[in-house]
$ cat final15.cif   # mmCIF, C-alpha atoms
data_work
loop_
_atom_site.label_atom_id
_atom_site.label_comp_id
_atom_site.auth_asym_id
_atom_site.auth_seq_id
_atom_site.Cartn_x
_atom_site.Cartn_y
_atom_site.Cartn_z
CA PRO A 37 6.68 -10.16 -7.40
CA GLU A 38 9.91 -12.05 -6.77
CA GLY A 39 11.01 -14.67 -9.31
CA VAL A 40 10.89 -14.22 -13.07
CA ALA A 41 11.32 -16.82 -15.83
CA TYR A 42 11.20 -16.34 -19.60
CA ASP A 43 9.66 -18.79 -22.10
CA ALA A 44 11.26 -18.03 -25.47
CA THR A 45 8.99 -20.48 -27.32
CA ARG A 46 5.92 -18.35 -26.60
CA ASP A 47 7.70 -15.07 -25.81
CA HIS A 48 6.03 -14.99 -22.37
CA LEU A 49 7.28 -14.20 -18.88
CA PHE A 50 6.26 -16.00 -15.71
CA ILE A 51 6.33 -14.07 -12.43
CA ALA A 52 6.10 -15.54 -8.92
CA ASP A 53 4.31 -13.40 -6.33
CA PRO A 54 4.80 -14.75 -2.79
CA GLN A 55 2.33 -12.34 -1.18
CA ALA A 56 -0.48 -13.39 -3.52
CA GLY A 57 0.69 -17.03 -3.63
CA ARG A 58 0.34 -17.01 -7.43
CA VAL A 59 2.26 -17.37 -10.66
CA PHE A 60 1.37 -14.90 -13.39
CA GLU A 61 1.98 -15.39 -17.11
CA VAL A 62 2.32 -12.22 -19.20
CA THR A 63 3.48 -11.39 -22.71
CA ARG A 64 6.80 -9.65 -23.20
CA SER A 65 4.91 -6.35 -23.48
CA GLY A 66 3.21 -6.98 -20.12
CA VAL A 67 -0.23 -8.12 -21.29
CA PHE A 68 -1.85 -10.55 -18.83
CA VAL A 69 -2.26 -14.11 -20.17
CA ALA A 70 -3.12 -16.27 -17.16
CA SER A 71 -2.38 -16.94 -13.50
CA PHE A 72 -2.72 -19.79 -11.05
CA ALA A 73 -2.57 -20.23 -7.29
CA THR A 74 0.39 -22.20 -5.95
CA ALA A 75 -1.06 -23.04 -2.51
CA PRO A 76 -1.13 -25.39 -0.74
CA ALA A 77 1.91 -26.96 -2.48
CA ALA A 78 3.92 -23.71 -2.58
CA PRO A 79 2.14 -21.06 -0.51
CA TYR A 80 5.04 -18.57 -0.76
CA PRO A 81 6.56 -18.96 -4.25
CA THR A 82 9.90 -17.20 -4.49
CA ASP A 83 11.49 -18.43 -7.71
CA LEU A 84 10.46 -20.39 -10.75
CA ALA A 85 11.65 -21.99 -13.96
CA VAL A 86 9.74 -22.78 -17.15
CA ASP A 87 10.20 -25.97 -19.15
CA PRO A 88 8.40 -25.33 -22.47
CA ALA A 89 9.17 -28.81 -23.81
CA GLY A 90 7.62 -30.46 -20.76
CA ASP A 91 4.80 -27.89 -20.62
CA ARG A 92 5.57 -27.28 -16.95
CA VAL A 93 6.45 -24.60 -14.44
CA ILE A 94 8.72 -25.49 -11.50
CA VAL A 95 8.10 -23.27 -8.47
CA SER A 96 10.47 -22.92 -5.52
CA ASP A 97 8.82 -22.19 -2.19
CA SER A 98 10.41 -20.35 0.72
CA SER A 99 9.92 -23.51 2.81
CA GLY A 100 12.49 -25.38 0.70
CA HIS A 101 10.15 -27.36 -1.57
CA LEU A 102 9.82 -27.52 -5.34
CA ALA A 103 6.34 -27.83 -6.81
CA GLU A 104 5.79 -28.87 -10.42
CA PHE A 105 2.73 -27.41 -12.16
CA SER A 106 1.37 -27.63 -15.67
CA ARG A 107 1.19 -24.28 -17.49
CA ALA A 108 -2.50 -24.25 -16.59
CA GLY A 109 -1.66 -24.52 -12.88
CA VAL A 110 -2.43 -28.19 -12.25
CA LEU A 111 -0.15 -29.57 -9.54
CA ARG A 112 1.92 -32.49 -10.88
CA GLY A 113 4.23 -33.10 -7.95
CA LEU A 114 5.87 -31.77 -4.80
CA TYR A 115 9.54 -32.46 -4.07
CA PRO A 116 11.85 -31.68 -1.15
CA ALA A 117 14.67 -29.32 -2.08
CA VAL A 118 17.42 -27.33 -0.51
CA PRO A 119 16.74 -23.58 -0.61
CA LEU A 120 19.36 -21.77 -2.65
CA GLY A 121 21.23 -19.24 -0.56
CA VAL A 122 22.68 -16.24 -2.33
CA ARG A 123 25.05 -14.24 -0.19
CA ILE A 124 24.51 -10.81 -1.69
CA PRO A 125 23.22 -8.35 0.94
CA GLY A 126 19.70 -7.39 -0.04
CA ALA A 127 19.36 -10.09 -2.72
CA SER A 128 15.72 -10.58 -3.54
CA GLY A 129 14.88 -12.45 -6.75
CA LEU A 130 16.82 -15.12 -8.56
CA SER A 131 16.43 -16.63 -12.01
CA VAL A 132 18.57 -19.21 -13.81
CA GLU A 133 19.43 -19.01 -17.51
CA ARG A 134 18.68 -22.51 -18.75
CA GLU A 135 21.38 -22.77 -21.46
CA THR A 136 24.36 -21.51 -19.41
CA LEU A 137 23.07 -22.00 -15.83
CA ARG A 138 24.07 -18.39 -15.08
CA ARG A 139 22.19 -16.85 -12.17
CA VAL A 140 20.54 -13.45 -12.44
CA VAL A 141 20.14 -11.98 -8.95
CA THR A 142 18.30 -8.73 -8.18
CA ASP A 143 19.18 -6.42 -5.31
CA PRO A 144 16.49 -3.82 -4.52
CA VAL A 145 18.75 -2.09 -1.97
CA ALA A 146 21.49 -1.40 -4.53
CA ASP A 147 19.02 -1.04 -7.47
CA ALA A 148 21.13 -3.53 -9.39
CA VAL A 149 21.14 -6.89 -11.12
CA PHE A 150 24.08 -9.26 -10.65
CA PHE A 151 25.15 -12.01 -13.05
CA LEU A 152 26.80 -15.08 -11.49
CA SER A 153 28.26 -18.21 -13.06
CA HIS A 154 26.82 -21.60 -12.12
CA THR A 155 29.67 -21.92 -9.62
CA GLY A 156 28.83 -18.57 -7.99
CA ALA A 157 31.63 -16.50 -9.52
CA ALA A 158 30.66 -12.89 -10.27
CA LEU A 159 30.37 -12.17 -14.00
CA GLY A 160 29.05 -8.63 -13.89
CA GLN A 161 26.37 -6.28 -12.67
CA ILE A 162 24.00 -3.67 -14.08
CA SER A 163 22.88 -0.60 -12.18
CA LEU A 164 19.19 0.01 -12.81
CA GLU A 165 19.08 3.57 -11.45
CA PRO A 166 19.79 5.15 -14.87
CA TYR A 167 16.68 3.38 -16.18
CA GLY A 168 14.49 4.71 -13.36
CA ILE A 169 14.06 1.25 -11.82
CA ARG A 170 14.24 1.78 -8.06
CA SER A 171 12.97 -1.45 -6.50
CA PRO A 172 13.92 -4.44 -8.67
CA SER A 173 12.50 -7.62 -7.21
CA GLY A 174 13.15 -10.07 -10.04
CA ALA A 175 14.93 -10.26 -13.36
CA ALA A 176 15.41 -12.68 -16.25
CA TRP A 177 17.81 -12.56 -19.19
CA SER A 178 16.68 -13.38 -22.75
CA ARG A 179 19.75 -14.45 -24.68
CA GLU A 180 17.79 -14.66 -27.93
CA GLU A 181 16.73 -11.02 -27.67
CA ASN A 182 19.81 -9.75 -25.84
CA ARG A 183 17.44 -8.16 -23.33
CA LEU A 184 17.04 -8.06 -19.56
CA TYR A 185 13.50 -8.16 -18.16
CA VAL A 186 13.13 -6.58 -14.72
CA VAL A 187 10.16 -6.46 -12.36
CA ASP A 188 9.87 -3.32 -10.20
CA ARG A 189 7.88 -4.12 -7.06
CA VAL A 190 7.10 -0.53 -6.01
CA ALA A 191 6.10 0.71 -9.48
CA GLN A 192 4.40 -2.63 -10.24
CA LYS A 193 5.87 -2.59 -13.74
CA LEU A 194 7.78 -4.93 -16.00
CA TYR A 195 10.73 -3.35 -17.84
CA ALA A 196 12.70 -4.58 -20.85
CA VAL A 197 16.28 -3.24 -20.86
CA SER A 198 18.47 -3.52 -23.97
CA PRO A 199 22.26 -3.12 -23.77
CA GLY A 200 23.84 0.11 -24.91
CA ALA A 201 26.82 0.54 -27.20
CA ASP A 202 29.19 -0.62 -24.45
CA GLY A 203 27.30 -3.92 -24.14
#
$ encode --input "final15.cif" --output "structure tokens"
Amino acid sequence: PEGVAYDATRDHLFIADPQAGRVFEVTRSGVFVASFATAPAAPYPTDLAVDPAGDRVIVSDSSGHLAEFSRAGVLRGLYPAVPLGVRIPGASGLSVERETLRRVVTDPVADAVFFLSHTGAALGQISLEPYGIRSPSGAAWSREENRLYVVDRVAQKLYAVSPGADG
């Protein structure tokens, strides 16, 4: 799994898996809801965004295209795009917080999650080692819950991390 997006209206997470060429929808507690194949429009999905109001999932492909799907996986359109380049060594997954446009970037080499402003300025980072997360491959922030959701590729688990007393 690479990209992660959170749908606060249904309290579900969407996870892009480039090796399987699929998008998976799971509940916040990790219960499987549905999945759909992204090929041939996006054979290697790397990142995604959810638009609950439009009932759509936008998938970014490693080839530099954006594919728009319904939540059920019906292809609605394919658009050329410029792949987003993040210059953090080892950066793997990227999600965008819809309200603030902050980027949440995972780094499996450093076992960390980085928070960037929409202009690319560093806002902070969280080390995931203390939580036992060793191979983060995607993360999404839920502002409503004040919680970070992290996918661990090696353990094949979804974690929910709440801030401690220091925030």
$ resolve_selection --input "final15.cif" --expression "the PyMOL selection byres ((chain A and resi 42) around 10)" --output "mmCIF file with C-alpha atoms, keeping the file's coordinate frame"
data_model
loop_
_atom_site.group_PDB
_atom_site.id
_atom_site.type_symbol
_atom_site.label_atom_id
_atom_site.label_comp_id
_atom_site.auth_asym_id
_atom_site.auth_seq_id
_atom_site.Cartn_x
_atom_site.Cartn_y
_atom_site.Cartn_z
ATOM 1 C CA VAL A 40 10.890 -14.220 -13.070
ATOM 2 C CA ALA A 41 11.320 -16.820 -15.830
ATOM 3 C CA ASP A 43 9.660 -18.790 -22.100
ATOM 4 C CA ALA A 44 11.260 -18.030 -25.470
ATOM 5 C CA THR A 45 8.990 -20.480 -27.320
ATOM 6 C CA ARG A 46 5.920 -18.350 -26.600
ATOM 7 C CA ASP A 47 7.700 -15.070 -25.810
ATOM 8 C CA HIS A 48 6.030 -14.990 -22.370
ATOM 9 C CA LEU A 49 7.280 -14.200 -18.880
ATOM 10 C CA PHE A 50 6.260 -16.000 -15.710
ATOM 11 C CA ILE A 51 6.330 -14.070 -12.430
ATOM 12 C CA GLU A 61 1.980 -15.390 -17.110
ATOM 13 C CA VAL A 62 2.320 -12.220 -19.200
ATOM 14 C CA THR A 63 3.480 -11.390 -22.710
ATOM 15 C CA ARG A 64 6.800 -9.650 -23.200
ATOM 16 C CA LEU A 84 10.460 -20.390 -10.750
ATOM 17 C CA ALA A 85 11.650 -21.990 -13.960
ATOM 18 C CA VAL A 86 9.740 -22.780 -17.150
ATOM 19 C CA ASP A 87 10.200 -25.970 -19.150
ATOM 20 C CA PRO A 88 8.400 -25.330 -22.470
ATOM 21 C CA SER A 131 16.430 -16.630 -12.010
ATOM 22 C CA VAL A 132 18.570 -19.210 -13.810
ATOM 23 C CA GLU A 133 19.430 -19.010 -17.510
ATOM 24 C CA ARG A 134 18.680 -22.510 -18.750
ATOM 25 C CA ALA A 175 14.930 -10.260 -13.360
ATOM 26 C CA ALA A 176 15.410 -12.680 -16.250
ATOM 27 C CA TRP A 177 17.810 -12.560 -19.190
ATOM 28 C CA SER A 178 16.680 -13.380 -22.750
ATOM 29 C CA TYR A 185 13.500 -8.160 -18.160
#
$ closest_residue --input "final15.cif" --among "A:Gly174, A:Arg138, A:Arg58, A:Ala77" --to "Leu194 (chain A)" --atoms "all atoms listed in the file"
A:Gly174
$ closest_residue --input "final15.cif" --among "A:Gly129, A:Gly90, A:Pro81, A:Pro172" --to "Arg112 (chain A)" --atoms "only C-alpha atoms"
A:Gly90
$ closest_residue --input "final15.cif" --among "A:Thr136, A:Ser98, A:Thr142, A:Ser173" --to "Tyr80 (chain A)" --atoms "all atoms listed in the file"
A:Ser98
$ closest_residue --input "final15.cif" --among "A:Tyr195, A:Phe60, A:Phe72, A:Phe105" --to "Arg170 (chain A)" --atoms "only C-alpha atoms"
A:Tyr195
$ atom_distance --input "final15.cif" --atom1 "CA of Lys193 (chain A)" --atom2 "CA of Ser106 (chain A)"
25.5 Å
$ closest_residue --input "final15.cif" --among "A:Ser171, A:Glu135, A:Asp97, A:Leu130" --to "Arg189 (chain A)" --atoms "all atoms listed in the file"
A:Ser171
$ resolve_selection --input "final15.cif" --expression "the PyMOL selection byres ((chain A and resi 165) around 12)" --output "PyMOL selection string"
chain A and resi 143-149+162-164+166-172+188+197
$ write_last_selection --input "final15.cif" --atoms "C-alpha atoms" --output "PDB file, keeping the file's coordinate frame"
ATOM      1  CA  ASP A 143      19.180  -6.420  -5.310  1.00  0.00           C
ATOM      2  CA  PRO A 144      16.490  -3.820  -4.520  1.00  0.00           C
ATOM      3  CA  VAL A 145      18.750  -2.090  -1.970  1.00  0.00           C
ATOM      4  CA  ALA A 146      21.490  -1.400  -4.530  1.00  0.00           C
ATOM      5  CA  ASP A 147      19.020  -1.040  -7.470  1.00  0.00           C
ATOM      6  CA  ALA A 148      21.130  -3.530  -9.390  1.00  0.00           C
ATOM      7  CA  VAL A 149      21.140  -6.890 -11.120  1.00  0.00           C
ATOM      8  CA  ILE A 162      24.000  -3.670 -14.080  1.00  0.00           C
ATOM      9  CA  SER A 163      22.880  -0.600 -12.180  1.00  0.00           C
ATOM     10  CA  LEU A 164      19.190   0.010 -12.810  1.00  0.00           C
ATOM     11  CA  PRO A 166      19.790   5.150 -14.870  1.00  0.00           C
ATOM     12  CA  TYR A 167      16.680   3.380 -16.180  1.00  0.00           C
ATOM     13  CA  GLY A 168      14.490   4.710 -13.360  1.00  0.00           C
ATOM     14  CA  ILE A 169      14.060   1.250 -11.820  1.00  0.00           C
ATOM     15  CA  ARG A 170      14.240   1.780  -8.060  1.00  0.00           C
ATOM     16  CA  SER A 171      12.970  -1.450  -6.500  1.00  0.00           C
ATOM     17  CA  PRO A 172      13.920  -4.440  -8.670  1.00  0.00           C
ATOM     18  CA  ASP A 188       9.870  -3.320 -10.200  1.00  0.00           C
ATOM     19  CA  VAL A 197      16.280  -3.240 -20.860  1.00  0.00           C
TER      20      VAL A 197
END
$ atom_distance --input "final15.cif" --atom1 "CA of Arg179 (chain A)" --atom2 "CA of Val140 (chain A)"
12.3 Å
$ atom_distance --input "final15.cif" --atom1 "CA of Ser96 (chain A)" --atom2 "CA of Thr82 (chain A)"
5.8 Å
$ closest_residue --input "final15.cif" --among "A:Ala56, A:Leu152, A:Ala70, A:Ala157" --to "Gly109 (chain A)" --atoms "all atoms listed in the file"
A:Ala70
$ residues_around --input "final15.cif" --residues "Leu114 (chain A)" --least-positions-apart "5" --cutoff "9 Å" --atoms "all atoms listed in the file" --output "PyMOL selection string"
chain A and resi 77-78+101-104
$ axis_aligned_box --input "final15.cif" --around "region 76-81 of chain A" --padding-each-side "5 Å" --output "lines of an AutoDock Vina configuration file"
center_x = 2.7
center_y = -22.8
center_z = -2.4
size_x = 17.7
size_y = 18.4
size_z = 13.7
$ residues_near_point --input "final15.cif" --point "(2.7, -18.3, 1.5)" --cutoff "6 Å" --atoms "only C-alpha atoms" --output "list of chain:residue names"
A:Pro54, A:Gly57, A:Pro79, A:Tyr80
$ decode --input "final15.cif" --residues "region 106-118 of chain A" --atoms "all heavy atoms" --output "PDB file, in the first residue's frame"
ATOM      1  N   SER A 106     -15.831   6.441  -9.590  1.00  0.00           N
ATOM      2  CA  SER A 106     -16.896   6.519  -8.593  1.00  0.00           C
ATOM      3  C   SER A 106     -16.430   5.693  -7.398  1.00  0.00           C
ATOM      4  O   SER A 106     -15.468   4.932  -7.500  1.00  0.00           O
ATOM      5  CB  SER A 106     -18.203   5.945  -9.148  1.00  0.00           C
ATOM      6  OG  SER A 106     -18.093   4.543  -9.292  1.00  0.00           O
ATOM      7  N   ARG A 107     -17.109   5.822  -6.271  1.00  0.00           N
ATOM      8  CA  ARG A 107     -16.738   5.016  -5.097  1.00  0.00           C
ATOM      9  C   ARG A 107     -16.854   3.524  -5.381  1.00  0.00           C
ATOM     10  O   ARG A 107     -16.184   2.715  -4.766  1.00  0.00           O
ATOM     11  CB  ARG A 107     -17.615   5.379  -3.915  1.00  0.00           C
ATOM     12  CG  ARG A 107     -17.320   6.731  -3.327  1.00  0.00           C
ATOM     13  CD  ARG A 107     -18.249   7.015  -2.166  1.00  0.00           C
ATOM     14  NE  ARG A 107     -17.873   6.235  -1.029  1.00  0.00           N
ATOM     15  CZ  ARG A 107     -17.248   6.705   0.042  1.00  0.00           C
ATOM     16  NH1 ARG A 107     -16.926   7.978   0.085  1.00  0.00           N
ATOM     17  NH2 ARG A 107     -16.949   5.930   1.047  1.00  0.00           N
ATOM     18  N   ALA A 108     -17.691   3.165  -6.331  1.00  0.00           N
ATOM     19  CA  ALA A 108     -17.875   1.758  -6.700  1.00  0.00           C
ATOM     20  C   ALA A 108     -16.810   1.284  -7.680  1.00  0.00           C
ATOM     21  O   ALA A 108     -16.782   0.108  -8.026  1.00  0.00           O
ATOM     22  CB  ALA A 108     -19.263   1.550  -7.293  1.00  0.00           C
ATOM     23  N   GLY A 109     -15.937   2.187  -8.143  1.00  0.00           N
ATOM     24  CA  GLY A 109     -14.864   1.791  -9.041  1.00  0.00           C
ATOM     25  C   GLY A 109     -15.148   1.973 -10.512  1.00  0.00           C
ATOM     26  O   GLY A 109     -14.391   1.485 -11.348  1.00  0.00           O
ATOM     27  N   VAL A 110     -16.199   2.691 -10.864  1.00  0.00           N
ATOM     28  CA  VAL A 110     -16.507   2.945 -12.276  1.00  0.00           C
ATOM     29  C   VAL A 110     -15.654   4.127 -12.749  1.00  0.00           C
ATOM     30  O   VAL A 110     -15.684   5.205 -12.149  1.00  0.00           O
ATOM     31  CB  VAL A 110     -18.009   3.254 -12.463  1.00  0.00           C
ATOM     32  CG1 VAL A 110     -18.310   3.628 -13.901  1.00  0.00           C
ATOM     33  CG2 VAL A 110     -18.850   2.076 -12.010  1.00  0.00           C
ATOM     34  N   LEU A 111     -14.900   3.915 -13.813  1.00  0.00           N
ATOM     35  CA  LEU A 111     -14.046   4.964 -14.354  1.00  0.00           C
ATOM     36  C   LEU A 111     -14.905   6.081 -14.929  1.00  0.00           C
ATOM     37  O   LEU A 111     -15.776   5.845 -15.751  1.00  0.00           O
ATOM     38  CB  LEU A 111     -13.121   4.397 -15.438  1.00  0.00           C
ATOM     39  CG  LEU A 111     -12.174   5.392 -16.091  1.00  0.00           C
ATOM     40  CD1 LEU A 111     -11.160   5.921 -15.075  1.00  0.00           C
ATOM     41  CD2 LEU A 111     -11.463   4.740 -17.268  1.00  0.00           C
ATOM     42  N   ARG A 112     -14.652   7.317 -14.485  1.00  0.00           N
ATOM     43  CA  ARG A 112     -15.396   8.483 -14.981  1.00  0.00           C
ATOM     44  C   ARG A 112     -14.562   9.338 -15.921  1.00  0.00           C
ATOM     45  O   ARG A 112     -15.105  10.089 -16.717  1.00  0.00           O
ATOM     46  CB  ARG A 112     -15.857   9.343 -13.801  1.00  0.00           C
ATOM     47  CG  ARG A 112     -16.917   8.695 -12.958  1.00  0.00           C
ATOM     48  CD  ARG A 112     -17.339   9.658 -11.876  1.00  0.00           C
ATOM     49  NE  ARG A 112     -18.428   9.134 -11.083  1.00  0.00           N
ATOM     50  CZ  ARG A 112     -18.852   9.703  -9.965  1.00  0.00           C
ATOM     51  NH1 ARG A 112     -18.287  10.804  -9.521  1.00  0.00           N
ATOM     52  NH2 ARG A 112     -19.842   9.175  -9.293  1.00  0.00           N
ATOM     53  N   GLY A 113     -13.241   9.269 -15.786  1.00  0.00           N
ATOM     54  CA  GLY A 113     -12.403  10.082 -16.653  1.00  0.00           C
ATOM     55  C   GLY A 113     -10.934   9.859 -16.374  1.00  0.00           C
ATOM     56  O   GLY A 113     -10.550   9.416 -15.300  1.00  0.00           O
ATOM     57  N   LEU A 114     -10.105  10.171 -17.379  1.00  0.00           N
ATOM     58  CA  LEU A 114      -8.657  10.060 -17.273  1.00  0.00           C
ATOM     59  C   LEU A 114      -8.077  11.384 -17.736  1.00  0.00           C
ATOM     60  O   LEU A 114      -8.437  11.886 -18.802  1.00  0.00           O
ATOM     61  CB  LEU A 114      -8.152   8.908 -18.146  1.00  0.00           C
ATOM     62  CG  LEU A 114      -6.658   8.617 -18.102  1.00  0.00           C
ATOM     63  CD1 LEU A 114      -6.236   8.180 -16.701  1.00  0.00           C
ATOM     64  CD2 LEU A 114      -6.315   7.535 -19.109  1.00  0.00           C
ATOM     65  N   TYR A 115      -7.174  11.959 -16.914  1.00  0.00           N
ATOM     66  CA  TYR A 115      -6.657  13.291 -17.195  1.00  0.00           C
ATOM     67  C   TYR A 115      -5.135  13.297 -17.104  1.00  0.00           C
ATOM     68  O   TYR A 115      -4.569  12.660 -16.213  1.00  0.00           O
ATOM     69  CB  TYR A 115      -7.223  14.304 -16.180  1.00  0.00           C
ATOM     70  CG  TYR A 115      -8.702  14.186 -16.012  1.00  0.00           C
ATOM     71  CD1 TYR A 115      -9.252  13.475 -14.940  1.00  0.00           C
ATOM     72  CD2 TYR A 115      -9.563  14.754 -16.944  1.00  0.00           C
ATOM     73  CE1 TYR A 115     -10.623  13.357 -14.799  1.00  0.00           C
ATOM     74  CE2 TYR A 115     -10.932  14.632 -16.794  1.00  0.00           C
ATOM     75  CZ  TYR A 115     -11.458  13.930 -15.726  1.00  0.00           C
ATOM     76  OH  TYR A 115     -12.809  13.809 -15.601  1.00  0.00           O
ATOM     77  N   PRO A 116      -4.470  14.038 -17.993  1.00  0.00           N
ATOM     78  CA  PRO A 116      -3.012  14.166 -17.865  1.00  0.00           C
ATOM     79  C   PRO A 116      -2.699  15.011 -16.637  1.00  0.00           C
ATOM     80  O   PRO A 116      -3.450  15.916 -16.273  1.00  0.00           O
ATOM     81  CB  PRO A 116      -2.607  14.874 -19.154  1.00  0.00           C
ATOM     82  CG  PRO A 116      -3.827  15.562 -19.631  1.00  0.00           C
ATOM     83  CD  PRO A 116      -5.004  14.772 -19.125  1.00  0.00           C
ATOM     84  N   ALA A 117      -1.606  14.704 -15.989  1.00  0.00           N
ATOM     85  CA  ALA A 117      -1.206  15.455 -14.795  1.00  0.00           C
ATOM     86  C   ALA A 117       0.309  15.455 -14.705  1.00  0.00           C
ATOM     87  O   ALA A 117       0.983  14.698 -15.386  1.00  0.00           O
ATOM     88  CB  ALA A 117      -1.808  14.820 -13.544  1.00  0.00           C
ATOM     89  N   VAL A 118       0.798  16.296 -13.869  1.00  0.00           N
ATOM     90  CA  VAL A 118       2.232  16.346 -13.612  1.00  0.00           C
ATOM     91  C   VAL A 118       2.480  15.606 -12.311  1.00  0.00           C
ATOM     92  O   VAL A 118       1.906  15.944 -11.282  1.00  0.00           O
ATOM     93  CB  VAL A 118       2.721  17.805 -13.489  1.00  0.00           C
ATOM     94  CG1 VAL A 118       4.198  17.843 -13.144  1.00  0.00           C
ATOM     95  CG2 VAL A 118       2.429  18.565 -14.760  1.00  0.00           C
TER      96      VAL A 118
END
